[in-house]
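J.: My questions will all concern the structure given below.
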Amino acid sequence: MDLRTVLVVGTGLIGTSAALALRKRGVRVLLADQDEGAVRLARELGAGEEWRPGADAERADLAVIAVPPAHVATELLELQRVGAARFYTDVASVKGEPIHRAMQLGCDLSSYVASHPLAGREKSGPGAARDDLFLGRPWALCPTEEADPEAKAAVLRLIELCGANAVEVSAIDHDRAVAVVSHAPHVAASAVAARLADATDVALGLAGQGIRDVTRIAGSDPGLWLGILSGNATPVAEVLEAVANDLADAANALRALADGDGTATNEITQLLKRGVVGHDRIPGKHGGPASSYAVVQVVIGDRPGQLARLFQACDEVGVNVEDVRLEHAPGLPLGIAELSVEPGAAAALTQALHERGWQVP
Ligand SMILES: NC(=O)C1=CN([C@@H]2O[C@H](COP(=O)(O)OP(=O)(O)OC[C@H]3O[C@@H](n4cnc5c(N)ncnc54)[C@H](O)[C@@H]3O)[C@@H](O)[C@H]2O)C=CC1
Ligand SMILES: O=C(O)C(=O)Cc1ccc(O)cc1
């Protein structure tokens with residue numbers, strides 16, 4: 001199905017990212033938001049033109065509703081009332097509640113297929129948008145029985161144009177799944193980050209990459225997340241209860257260890273090992289099987305252009321860098337770049353970088 005014109009309602013992080021990706025593929029994009037400033041910024045970023053309901057005679061092929069979960073159904077109703085598009089989708093992080101609300105409000109369910117890109121950032125608003133945000137990421141779609149196959153085809157085309165991988169799933173399965181892989185982890189990250197609110201300056205000065213990794217998503221907009229968690233409350237509570245049990249068991253075992261009960265190490269080891277198993281099950285890039293890369297560490301000076309030079313060197317040697325992580329040495333004008341590469345390429349890369357004068361510890 002061809003998408004010539006797409007209307008994006010809600011030009012924040014997700015709406016503007018989708019709009020930028022569509023513009024790159026030559027799709028005409030119309031932009032709307034209750035916040036005029038958000039539309040203006042999205043337009044200035046090249047995400048499309050402002051939607052002028054009534055004045056735009058042309059009906060969009062698809063409307064993408066990218067507003068907080070609690071507002072999806074009312075927006076859908078209003079857009080359908082004015083006949084804004086042939087087909088409709090939303091991108092909210094929960095699916096059961098918006099679909100249920102749309103039914104209650106009497107929305108037309110034949111032209112609507114709910115969806116959810118599993119990609120985002122801890123920043124909100126159009127200024128944080130990226131045209132490559134969805135590249136290689138899963139994008140769930142949850143057609144109801146009433147959905148017109150053409151509506152589903154339109155949403156599949158949107159997902160394809162954004163470079164994401166479509167995953168069809170029922171709304172109930174989706175909500176249970178994202179409780180495990182997104183919503184409960186978000187609350188856990190917030191709980192860990194909350195420990196830092198009154199941590200000493202000494203503790204914060206010793207913060208390394210681990211705490212940054214574990215808490216990155218805790219920097220997200222609390223208002224948006226309250227809406228997401230409220231919309232998926234029971235599944236998220238179930239996962240959090242299981243996590244809380246593991247944490248309580250670990251704390252009890254450590255207390256016992258401190259009191260001289262050496263057998264308590266078993267309990268802790270079991271949790272750490274279960275953690276390794278769970279971590280290794282996370283699929284690799286593009287939804288492929290989990291893959292273990294070798295990590296090559298390179299010392300880089302904190303000067304402009306260093307990373308570009310390093311990537312250039314990798315390119316010359318013909319080694320594909322699968323991932324990169326930067327570790328800054330506190331108080332020093334240098335850092336460590338950790339390059340993840342195929343295990344077979346690590347030794348040759350290390351030697352080639354040495355020969356080119358890089359410090360590879
Ligand atoms: N933040 C993330 O990483 C992800 C968010 N989502 C979902 O995408 C949706 C949008 O989230 P973000 O783009 O992150 O939020 P955002 O805060 O960056 O943007 C939301 C935009 O919606 C506008 N808005 C709110 N109510 C509106 C209404 N009734 N009509 C028109 N515009 C309205 C706001 O003015 C704002 O510009 C949410 O449903 C969220 O659950 C999905 C995947 C990832
Ligand atoms: O920041 C990240 O890495 C995320 O994974 C963000 C995210 C937030 C909400 C979603 O519904 C999906 C993805």
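By order of appearance in the structure tokens: chains A, B, ..., then residues from 1 within every chain, and ligands from 1 in the order shown.
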Residues of region 25-121 of chain A classed as helix (DSSP H, G or I) by DSSP on the backbone are to be reported as an MDAnalysis selection string.

T.: chainID A and resid 36:44 69:82 96:105

J.: Applying 12 Å and only C-alpha atoms, which residues near Arg176 (chain A) remain after dropping the ones on its own chain fewer than 4 positions away? List them as a list in words.

T.: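 Neighbouring residues, sequence-local ones excluded: Ser93, Val94, Lys95, Gly96, Val169, Ser170, Ala171, Ile172, Val180, Val181, Ser182, His183, Ala184, Gly231, Asn232, Ala233, Thr234, Pro235, Val236, Ala237, Glu238 and Val239 of chain A.
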
J.: Any chance you could export the current selection's C-alpha atoms as a PDB file, in the first residue's frame?

T.:
```pdb
ATOM      1  CA  SER A  93       3.429   2.354  24.868  1.00  0.00           C
ATOM      2  CA  VAL A  94       0.298   0.507  26.067  1.00  0.00           C
ATOM      3  CA  LYS A  95      -2.261  -1.034  23.755  1.00  0.00           C
ATOM      4  CA  GLY A  96      -5.179  -2.604  25.659  1.00  0.00           C
ATOM      5  CA  VAL A 169       0.741  -9.441  18.551  1.00  0.00           C
ATOM      6  CA  SER A 170      -2.552  -9.205  20.454  1.00  0.00           C
ATOM      7  CA  ALA A 171      -2.986  -6.166  22.685  1.00  0.00           C
ATOM      8  CA  ILE A 172      -3.119  -8.324  25.813  1.00  0.00           C
ATOM      9  CA  VAL A 180       8.696  -7.365  31.379  1.00  0.00           C
ATOM     10  CA  VAL A 181      10.965  -5.693  28.808  1.00  0.00           C
ATOM     11  CA  SER A 182      10.161  -1.995  29.244  1.00  0.00           C
ATOM     12  CA  HIS A 183       7.737  -0.865  31.948  1.00  0.00           C
ATOM     13  CA  ALA A 184       8.948  -2.748  35.049  1.00  0.00           C
ATOM     14  CA  GLY A 231      -2.322   2.098  31.537  1.00  0.00           C
ATOM     15  CA  ASN A 232      -0.576  -1.241  32.232  1.00  0.00           C
ATOM     16  CA  ALA A 233      -0.834  -1.337  36.018  1.00  0.00           C
ATOM     17  CA  THR A 234      -1.552  -5.018  36.780  1.00  0.00           C
ATOM     18  CA  PRO A 235       1.064  -6.646  34.498  1.00  0.00           C
ATOM     19  CA  VAL A 236       3.719  -4.152  35.669  1.00  0.00           C
ATOM     20  CA  ALA A 237       2.833  -4.724  39.344  1.00  0.00           C
ATOM     21  CA  GLU A 238       3.226  -8.511  38.835  1.00  0.00           C
ATOM     22  CA  VAL A 239       6.725  -8.162  37.383  1.00  0.00           C
TER      23      VAL A 239
END
```

J.: How would you report the residues lying within 6 Å of ligand 2, as a list in words, if you count only C-alpha atoms and all ligand atoms?

T.: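 Checking only C-alpha atoms and all ligand atoms against ligand 2 at 6 Å gives Ser93, Leu118, Ala119, Gly120, Arg121, Glu122 and Ile217 of chain A.
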
J.: Output the selection as a compact mmCIF listing (two decimals), in the first residue's frame - C-alpha atoms for each residue.

T.:
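Written output follows (out26.txt):
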```txt
# COMPACT_ATOMS: atom_id res chain seq x y z
CA SER A 93 3.43 2.35 24.87
CA LEU A 118 9.92 -0.35 20.72
CA ALA A 119 12.37 2.49 20.34
CA GLY A 120 12.68 5.73 22.14
CA ARG A 121 14.84 7.94 24.27
CA GLU A 122 14.89 9.38 27.76
CA ILE A 217 15.92 5.61 31.25
```

J.: May I have the residues within 7 Å of Val324 (chain A) as number ranges by chain, using only C-alpha atoms and disregarding those fewer than 2 positions away in the same chain?

T.: A: 326, 337-340

J.: Distance limit 9 Å, reference ligand 1, atoms considered: only C-alpha atoms and all ligand atoms. Which residues make the cut? Give them as a PDB file with N, CA and C atoms, in the first residue's frame.

T.:
```pdb
ATOM      1  N   VAL A   9      -0.113  13.462  14.446  1.00  0.00           N
ATOM      2  CA  VAL A   9      -0.751  14.257  15.514  1.00  0.00           C
ATOM      3  C   VAL A   9       0.023  13.995  16.798  1.00  0.00           C
ATOM      4  N   GLY A  10       0.669  15.057  17.308  1.00  0.00           N
ATOM      5  CA  GLY A  10       1.564  14.916  18.463  1.00  0.00           C
ATOM      6  C   GLY A  10       2.994  14.932  17.948  1.00  0.00           C
ATOM      7  N   THR A  11       3.566  16.148  17.863  1.00  0.00           N
ATOM      8  CA  THR A  11       4.906  16.269  17.257  1.00  0.00           C
ATOM      9  C   THR A  11       5.975  16.331  18.352  1.00  0.00           C
ATOM     10  N   GLY A  12       5.947  15.340  19.234  1.00  0.00           N
ATOM     11  CA  GLY A  12       6.993  15.213  20.262  1.00  0.00           C
ATOM     12  C   GLY A  12       8.103  14.320  19.751  1.00  0.00           C
ATOM     13  N   LEU A  13       8.772  13.625  20.656  1.00  0.00           N
ATOM     14  CA  LEU A  13       9.897  12.751  20.285  1.00  0.00           C
ATOM     15  C   LEU A  13       9.498  11.729  19.220  1.00  0.00           C
ATOM     16  N   ILE A  14       8.422  10.971  19.489  1.00  0.00           N
ATOM     17  CA  ILE A  14       8.089   9.850  18.603  1.00  0.00           C
ATOM     18  C   ILE A  14       7.429  10.337  17.315  1.00  0.00           C
ATOM     19  N   GLY A  15       6.458  11.269  17.437  1.00  0.00           N
ATOM     20  CA  GLY A  15       5.774  11.775  16.243  1.00  0.00           C
ATOM     21  C   GLY A  15       6.753  12.431  15.280  1.00  0.00           C
ATOM     22  N   THR A  16       7.642  13.268  15.808  1.00  0.00           N
ATOM     23  CA  THR A  16       8.583  13.977  14.926  1.00  0.00           C
ATOM     24  C   THR A  16       9.614  13.011  14.349  1.00  0.00           C
ATOM     25  N   SER A  17      10.034  12.014  15.136  1.00  0.00           N
ATOM     26  CA  SER A  17      10.990  11.027  14.598  1.00  0.00           C
ATOM     27  C   SER A  17      10.360  10.282  13.421  1.00  0.00           C
ATOM     28  N   ALA A  32       0.481  18.159  13.412  1.00  0.00           N
ATOM     29  CA  ALA A  32      -0.474  18.818  14.318  1.00  0.00           C
ATOM     30  C   ALA A  32      -0.078  18.515  15.757  1.00  0.00           C
ATOM     31  N   ASP A  33      -0.295  19.487  16.638  1.00  0.00           N
ATOM     32  CA  ASP A  33      -0.034  19.284  18.065  1.00  0.00           C
ATOM     33  C   ASP A  33      -0.828  20.356  18.787  1.00  0.00           C
ATOM     34  N   GLN A  34      -1.271  20.043  20.007  1.00  0.00           N
ATOM     35  CA  GLN A  34      -1.999  21.065  20.766  1.00  0.00           C
ATOM     36  C   GLN A  34      -1.049  22.199  21.180  1.00  0.00           C
ATOM     37  N   ASP A  35       0.256  21.923  21.146  1.00  0.00           N
ATOM     38  CA  ASP A  35       1.271  22.908  21.508  1.00  0.00           C
ATOM     39  C   ASP A  35       1.851  23.477  20.207  1.00  0.00           C
ATOM     40  N   GLU A  36       1.525  24.768  19.929  1.00  0.00           N
ATOM     41  CA  GLU A  36       1.960  25.371  18.656  1.00  0.00           C
ATOM     42  C   GLU A  36       3.476  25.364  18.510  1.00  0.00           C
ATOM     43  N   GLY A  37       4.158  25.547  19.652  1.00  0.00           N
ATOM     44  CA  GLY A  37       5.630  25.573  19.635  1.00  0.00           C
ATOM     45  C   GLY A  37       6.194  24.246  19.163  1.00  0.00           C
ATOM     46  N   ALA A  38       5.546  23.142  19.545  1.00  0.00           N
ATOM     47  CA  ALA A  38       6.034  21.808  19.157  1.00  0.00           C
ATOM     48  C   ALA A  38       5.885  21.621  17.645  1.00  0.00           C
ATOM     49  N   VAL A  39       4.788  22.116  17.072  1.00  0.00           N
ATOM     50  CA  VAL A  39       4.600  21.996  15.618  1.00  0.00           C
ATOM     51  C   VAL A  39       5.640  22.851  14.897  1.00  0.00           C
ATOM     52  N   ILE A  65      -1.154   8.824  15.502  1.00  0.00           N
ATOM     53  CA  ILE A  65      -1.489   9.553  16.734  1.00  0.00           C
ATOM     54  C   ILE A  65      -0.367   9.294  17.741  1.00  0.00           C
ATOM     55  N   ALA A  66       0.446  10.334  18.003  1.00  0.00           N
ATOM     56  CA  ALA A  66       1.653  10.169  18.840  1.00  0.00           C
ATOM     57  C   ALA A  66       1.550  11.048  20.083  1.00  0.00           C
ATOM     58  N   VAL A  67       0.453  10.851  20.813  1.00  0.00           N
ATOM     59  CA  VAL A  67       0.195  11.643  22.032  1.00  0.00           C
ATOM     60  C   VAL A  67       0.226  10.691  23.236  1.00  0.00           C
ATOM     61  N   PRO A  68       0.252  11.208  24.470  1.00  0.00           N
ATOM     62  CA  PRO A  68       0.261  10.301  25.634  1.00  0.00           C
ATOM     63  C   PRO A  68      -0.910   9.319  25.604  1.00  0.00           C
ATOM     64  N   PRO A  69      -0.694   8.097  26.168  1.00  0.00           N
ATOM     65  CA  PRO A  69      -1.693   7.018  26.032  1.00  0.00           C
ATOM     66  C   PRO A  69      -3.122   7.440  26.384  1.00  0.00           C
ATOM     67  N   ALA A  70      -3.301   8.223  27.428  1.00  0.00           N
ATOM     68  CA  ALA A  70      -4.658   8.554  27.881  1.00  0.00           C
ATOM     69  C   ALA A  70      -5.420   9.424  26.888  1.00  0.00           C
ATOM     70  N   HIS A  71      -4.707  10.057  25.917  1.00  0.00           N
ATOM     71  CA  HIS A  71      -5.375  10.960  24.961  1.00  0.00           C
ATOM     72  C   HIS A  71      -5.574  10.342  23.581  1.00  0.00           C
ATOM     73  N   VAL A  72      -5.097   9.084  23.420  1.00  0.00           N
ATOM     74  CA  VAL A  72      -5.145   8.466  22.089  1.00  0.00           C
ATOM     75  C   VAL A  72      -6.589   8.341  21.586  1.00  0.00           C
ATOM     76  N   THR A  74      -9.482   9.778  22.444  1.00  0.00           N
ATOM     77  CA  THR A  74     -10.226  11.014  22.161  1.00  0.00           C
ATOM     78  C   THR A  74      -9.707  11.672  20.879  1.00  0.00           C
ATOM     79  N   GLU A  75      -8.391  11.610  20.658  1.00  0.00           N
ATOM     80  CA  GLU A  75      -7.832  12.151  19.409  1.00  0.00           C
ATOM     81  C   GLU A  75      -8.353  11.365  18.211  1.00  0.00           C
ATOM     82  N   ASP A  90      -1.846   4.503  16.302  1.00  0.00           N
ATOM     83  CA  ASP A  90      -1.248   5.288  17.378  1.00  0.00           C
ATOM     84  C   ASP A  90       0.072   4.609  17.716  1.00  0.00           C
ATOM     85  N   VAL A  91       0.878   5.264  18.551  1.00  0.00           N
ATOM     86  CA  VAL A  91       2.198   4.699  18.886  1.00  0.00           C
ATOM     87  C   VAL A  91       2.363   4.548  20.394  1.00  0.00           C
ATOM     88  N   ALA A  92       1.256   4.574  21.132  1.00  0.00           N
ATOM     89  CA  ALA A  92       1.344   4.588  22.594  1.00  0.00           C
ATOM     90  C   ALA A  92       1.998   3.321  23.128  1.00  0.00           C
ATOM     91  N   SER A  93       2.660   3.456  24.277  1.00  0.00           N
ATOM     92  CA  SER A  93       3.429   2.354  24.868  1.00  0.00           C
ATOM     93  C   SER A  93       2.545   1.277  25.480  1.00  0.00           C
ATOM     94  N   VAL A  94       1.248   1.538  25.625  1.00  0.00           N
ATOM     95  CA  VAL A  94       0.298   0.507  26.067  1.00  0.00           C
ATOM     96  C   VAL A  94      -0.768   0.370  24.984  1.00  0.00           C
ATOM     97  N   HIS A 116       2.961   0.209  18.218  1.00  0.00           N
ATOM     98  CA  HIS A 116       3.916   0.687  19.244  1.00  0.00           C
ATOM     99  C   HIS A 116       5.353   0.388  18.818  1.00  0.00           C
ATOM    100  N   PRO A 117       6.112   1.454  18.502  1.00  0.00           N
ATOM    101  CA  PRO A 117       7.534   1.228  18.199  1.00  0.00           C
ATOM    102  C   PRO A 117       8.302   1.000  19.498  1.00  0.00           C
ATOM    103  N   LEU A 118       9.110  -0.058  19.506  1.00  0.00           N
ATOM    104  CA  LEU A 118       9.915  -0.346  20.719  1.00  0.00           C
ATOM    105  C   LEU A 118      11.254   0.359  20.572  1.00  0.00           C
ATOM    106  N   ALA A 119      11.160   1.674  20.464  1.00  0.00           N
ATOM    107  CA  ALA A 119      12.368   2.485  20.343  1.00  0.00           C
ATOM    108  C   ALA A 119      12.032   3.841  20.913  1.00  0.00           C
ATOM    109  N   GLY A 120      12.947   4.423  21.573  1.00  0.00           N
ATOM    110  CA  GLY A 120      12.682   5.734  22.143  1.00  0.00           C
ATOM    111  C   GLY A 120      13.920   6.267  22.804  1.00  0.00           C
ATOM    112  N   ARG A 121      13.722   7.307  23.576  1.00  0.00           N
ATOM    113  CA  ARG A 121      14.843   7.936  24.272  1.00  0.00           C
ATOM    114  C   ARG A 121      14.331   8.434  25.619  1.00  0.00           C
ATOM    115  N   GLU A 122      15.271   8.857  26.461  1.00  0.00           N
ATOM    116  CA  GLU A 122      14.887   9.384  27.765  1.00  0.00           C
ATOM    117  C   GLU A 122      14.574  10.877  27.665  1.00  0.00           C
ATOM    118  N   LYS A 123      14.574  11.418  26.430  1.00  0.00           N
ATOM    119  CA  LYS A 123      14.283  12.842  26.243  1.00  0.00           C
ATOM    120  C   LYS A 123      12.968  12.982  25.507  1.00  0.00           C
ATOM    121  N   SER A 124      12.242  14.073  25.776  1.00  0.00           N
ATOM    122  CA  SER A 124      10.951  14.296  25.119  1.00  0.00           C
ATOM    123  C   SER A 124      11.051  15.469  24.149  1.00  0.00           C
ATOM    124  N   GLY A 125       9.980  15.643  23.383  1.00  0.00           N
ATOM    125  CA  GLY A 125       9.850  16.820  22.524  1.00  0.00           C
ATOM    126  C   GLY A 125      10.511  16.645  21.169  1.00  0.00           C
ATOM    127  N   PRO A 126      10.119  17.528  20.202  1.00  0.00           N
ATOM    128  CA  PRO A 126      10.635  17.411  18.833  1.00  0.00           C
ATOM    129  C   PRO A 126      12.143  17.596  18.748  1.00  0.00           C
ATOM    130  N   GLY A 127      12.726  18.363  19.661  1.00  0.00           N
ATOM    131  CA  GLY A 127      14.173  18.621  19.623  1.00  0.00           C
ATOM    132  C   GLY A 127      14.992  17.354  19.819  1.00  0.00           C
ATOM    133  N   ALA A 128      14.391  16.326  20.432  1.00  0.00           N
ATOM    134  CA  ALA A 128      15.124  15.074  20.678  1.00  0.00           C
ATOM    135  C   ALA A 128      14.909  14.067  19.551  1.00  0.00           C
ATOM    136  N   ALA A 129      14.095  14.443  18.548  1.00  0.00           N
ATOM    137  CA  ALA A 129      13.720  13.475  17.491  1.00  0.00           C
ATOM    138  C   ALA A 129      14.905  13.128  16.591  1.00  0.00           C
ATOM    139  N   ILE A 217      17.329   5.351  31.554  1.00  0.00           N
ATOM    140  CA  ILE A 217      15.916   5.614  31.248  1.00  0.00           C
ATOM    141  C   ILE A 217      15.191   6.303  32.411  1.00  0.00           C
ATOM    142  N   SER A 220      13.715   9.967  32.130  1.00  0.00           N
ATOM    143  CA  SER A 220      12.564  10.283  31.258  1.00  0.00           C
ATOM    144  C   SER A 220      11.516  11.130  31.962  1.00  0.00           C
ATOM    145  N   ASP A 221      10.564  11.621  31.177  1.00  0.00           N
ATOM    146  CA  ASP A 221       9.507  12.513  31.673  1.00  0.00           C
ATOM    147  C   ASP A 221       8.560  11.756  32.630  1.00  0.00           C
ATOM    148  N   GLY A 223       5.733  12.551  33.907  1.00  0.00           N
ATOM    149  CA  GLY A 223       4.310  12.671  33.550  1.00  0.00           C
ATOM    150  C   GLY A 223       3.921  11.636  32.511  1.00  0.00           C
ATOM    151  N   LEU A 224       4.762  11.513  31.468  1.00  0.00           N
ATOM    152  CA  LEU A 224       4.489  10.533  30.411  1.00  0.00           C
ATOM    153  C   LEU A 224       4.495   9.128  31.018  1.00  0.00           C
ATOM    154  N   TRP A 225       5.460   8.857  31.883  1.00  0.00           N
ATOM    155  CA  TRP A 225       5.592   7.505  32.436  1.00  0.00           C
ATOM    156  C   TRP A 225       4.490   7.156  33.415  1.00  0.00           C
ATOM    157  N   GLY A 227       1.478   8.003  32.983  1.00  0.00           N
ATOM    158  CA  GLY A 227       0.410   7.584  32.064  1.00  0.00           C
ATOM    159  C   GLY A 227       0.646   6.182  31.526  1.00  0.00           C
ATOM    160  N   ILE A 228       1.907   5.858  31.191  1.00  0.00           N
ATOM    161  CA  ILE A 228       2.218   4.533  30.649  1.00  0.00           C
ATOM    162  C   ILE A 228       1.982   3.462  31.722  1.00  0.00           C
TER     163      ILE A 228
END
```

J.: Between CA of Asn252 (chain A) and CA of Ala194 (chain A), what is the distance, to one decimal in Å?

T.: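 Atom-to-atom, CA of Asn252 (chain A) and CA of Ala194 (chain A) are spaced 21.4 Å apart.
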
J.: Please run DSSP on the backbone and report, as a ChimeraX atom specification, all residues within region 118-288 of chain A that come out as strand (DSSP E).

T.: /A:138-142,165-168

J.: Convert the current residue selection to file output with N, CA and C atoms, as a PDB file, in the first residue's frame.

T.:
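Output (again.pdb):
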```
ATOM      1  N   PRO A 138      12.074  -3.347  16.807  1.00  0.00           N
ATOM      2  CA  PRO A 138      10.744  -3.950  16.671  1.00  0.00           C
ATOM      3  C   PRO A 138       9.661  -2.855  16.746  1.00  0.00           C
ATOM      4  N   TRP A 139       8.577  -3.074  16.007  1.00  0.00           N
ATOM      5  CA  TRP A 139       7.427  -2.141  16.049  1.00  0.00           C
ATOM      6  C   TRP A 139       6.189  -3.035  16.091  1.00  0.00           C
ATOM      7  N   ALA A 140       5.540  -3.085  17.240  1.00  0.00           N
ATOM      8  CA  ALA A 140       4.384  -3.969  17.417  1.00  0.00           C
ATOM      9  C   ALA A 140       3.151  -3.387  16.730  1.00  0.00           C
ATOM     10  N   LEU A 141       2.317  -4.256  16.139  1.00  0.00           N
ATOM     11  CA  LEU A 141       0.992  -3.806  15.681  1.00  0.00           C
ATOM     12  C   LEU A 141      -0.040  -4.796  16.185  1.00  0.00           C
ATOM     13  N   CYS A 142      -1.184  -4.267  16.607  1.00  0.00           N
ATOM     14  CA  CYS A 142      -2.205  -5.074  17.293  1.00  0.00           C
ATOM     15  C   CYS A 142      -3.557  -4.891  16.617  1.00  0.00           C
ATOM     16  N   ASN A 165      11.030  -3.249  12.252  1.00  0.00           N
ATOM     17  CA  ASN A 165      10.573  -4.619  11.976  1.00  0.00           C
ATOM     18  C   ASN A 165       9.198  -4.829  12.613  1.00  0.00           C
ATOM     19  N   ALA A 166       8.208  -5.139  11.783  1.00  0.00           N
ATOM     20  CA  ALA A 166       6.840  -5.305  12.285  1.00  0.00           C
ATOM     21  C   ALA A 166       6.709  -6.609  13.070  1.00  0.00           C
ATOM     22  N   VAL A 167       6.012  -6.535  14.223  1.00  0.00           N
ATOM     23  CA  VAL A 167       5.731  -7.723  15.042  1.00  0.00           C
ATOM     24  C   VAL A 167       4.240  -7.682  15.370  1.00  0.00           C
ATOM     25  N   GLU A 168       3.467  -8.642  14.797  1.00  0.00           N
ATOM     26  CA  GLU A 168       2.025  -8.645  15.072  1.00  0.00           C
ATOM     27  C   GLU A 168       1.756  -9.425  16.354  1.00  0.00           C
TER      28      GLU A 168
END
```

J.: What's the separation between CA of Val319 (chain A) and CA of Asp302 (chain A), in Å to one decimal place?

T.: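 It comes out at 23.4 Å.
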
J.: Calculate how many Å separate CA of Gly260 (chain A) from CA of Asp246 (chain A), rounding to one decimal.

T.: 21.1 Å

J.: With a distance cut-off of 10 Å and only C-alpha atoms, select the neighbouring residues of Leu76 (chain A), excluding the residue or stretch itself and same-chain residues fewer than 6 positions from it, and output the selection as a VMD selection string.

T.: chain A and resid 9 63 to 65 84 88 to 90 98 102 105 107 to 109 112

J.: Neighbours of Gly210 (chain A) within 12 Å (only C-alpha atoms; same-chain residues fewer than 4 positions away dropped), as a PyMOL selection string?

T.: chain A and resi 189+192-193+206+214-216+325-327

J.: I need the residues from that last selection saved to file as a short mmCIF file (atom, residue, chain, number, x, y, z; two decimals), in the first residue's frame (with N, CA and C atoms), if you can.

T.:
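Output contents, as saved in out30.cif:
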```cif
data_model
loop_
_atom_site.label_atom_id
_atom_site.label_comp_id
_atom_site.auth_asym_id
_atom_site.auth_seq_id
_atom_site.Cartn_x
_atom_site.Cartn_y
_atom_site.Cartn_z
N ALA A 189 14.77 1.04 37.26
CA ALA A 189 15.81 2.06 37.02
C ALA A 189 15.55 3.30 37.88
N VAL A 192 16.58 2.61 41.49
CA VAL A 192 18.04 2.65 41.68
C VAL A 192 18.51 4.11 41.62
N ALA A 193 18.00 4.86 40.63
CA ALA A 193 18.43 6.26 40.47
C ALA A 193 18.00 7.10 41.68
N LEU A 206 32.51 8.87 42.11
CA LEU A 206 33.01 7.53 41.76
C LEU A 206 32.08 6.82 40.77
N VAL A 214 22.47 1.50 33.96
CA VAL A 214 21.30 0.99 34.68
C VAL A 214 20.24 2.08 34.88
N THR A 215 20.66 3.35 34.90
CA THR A 215 19.70 4.41 35.25
C THR A 215 19.34 5.32 34.07
N ARG A 216 19.86 5.09 32.87
CA ARG A 216 19.64 6.06 31.78
C ARG A 216 18.16 6.38 31.60
N ARG A 325 31.16 2.24 23.13
CA ARG A 325 30.79 2.81 24.43
C ARG A 325 31.96 3.68 24.87
N LEU A 326 31.65 4.86 25.42
CA LEU A 326 32.72 5.76 25.85
C LEU A 326 32.75 5.84 27.35
N GLU A 327 33.92 5.69 27.90
CA GLU A 327 34.10 5.76 29.35
C GLU A 327 35.04 6.93 29.58
#
```
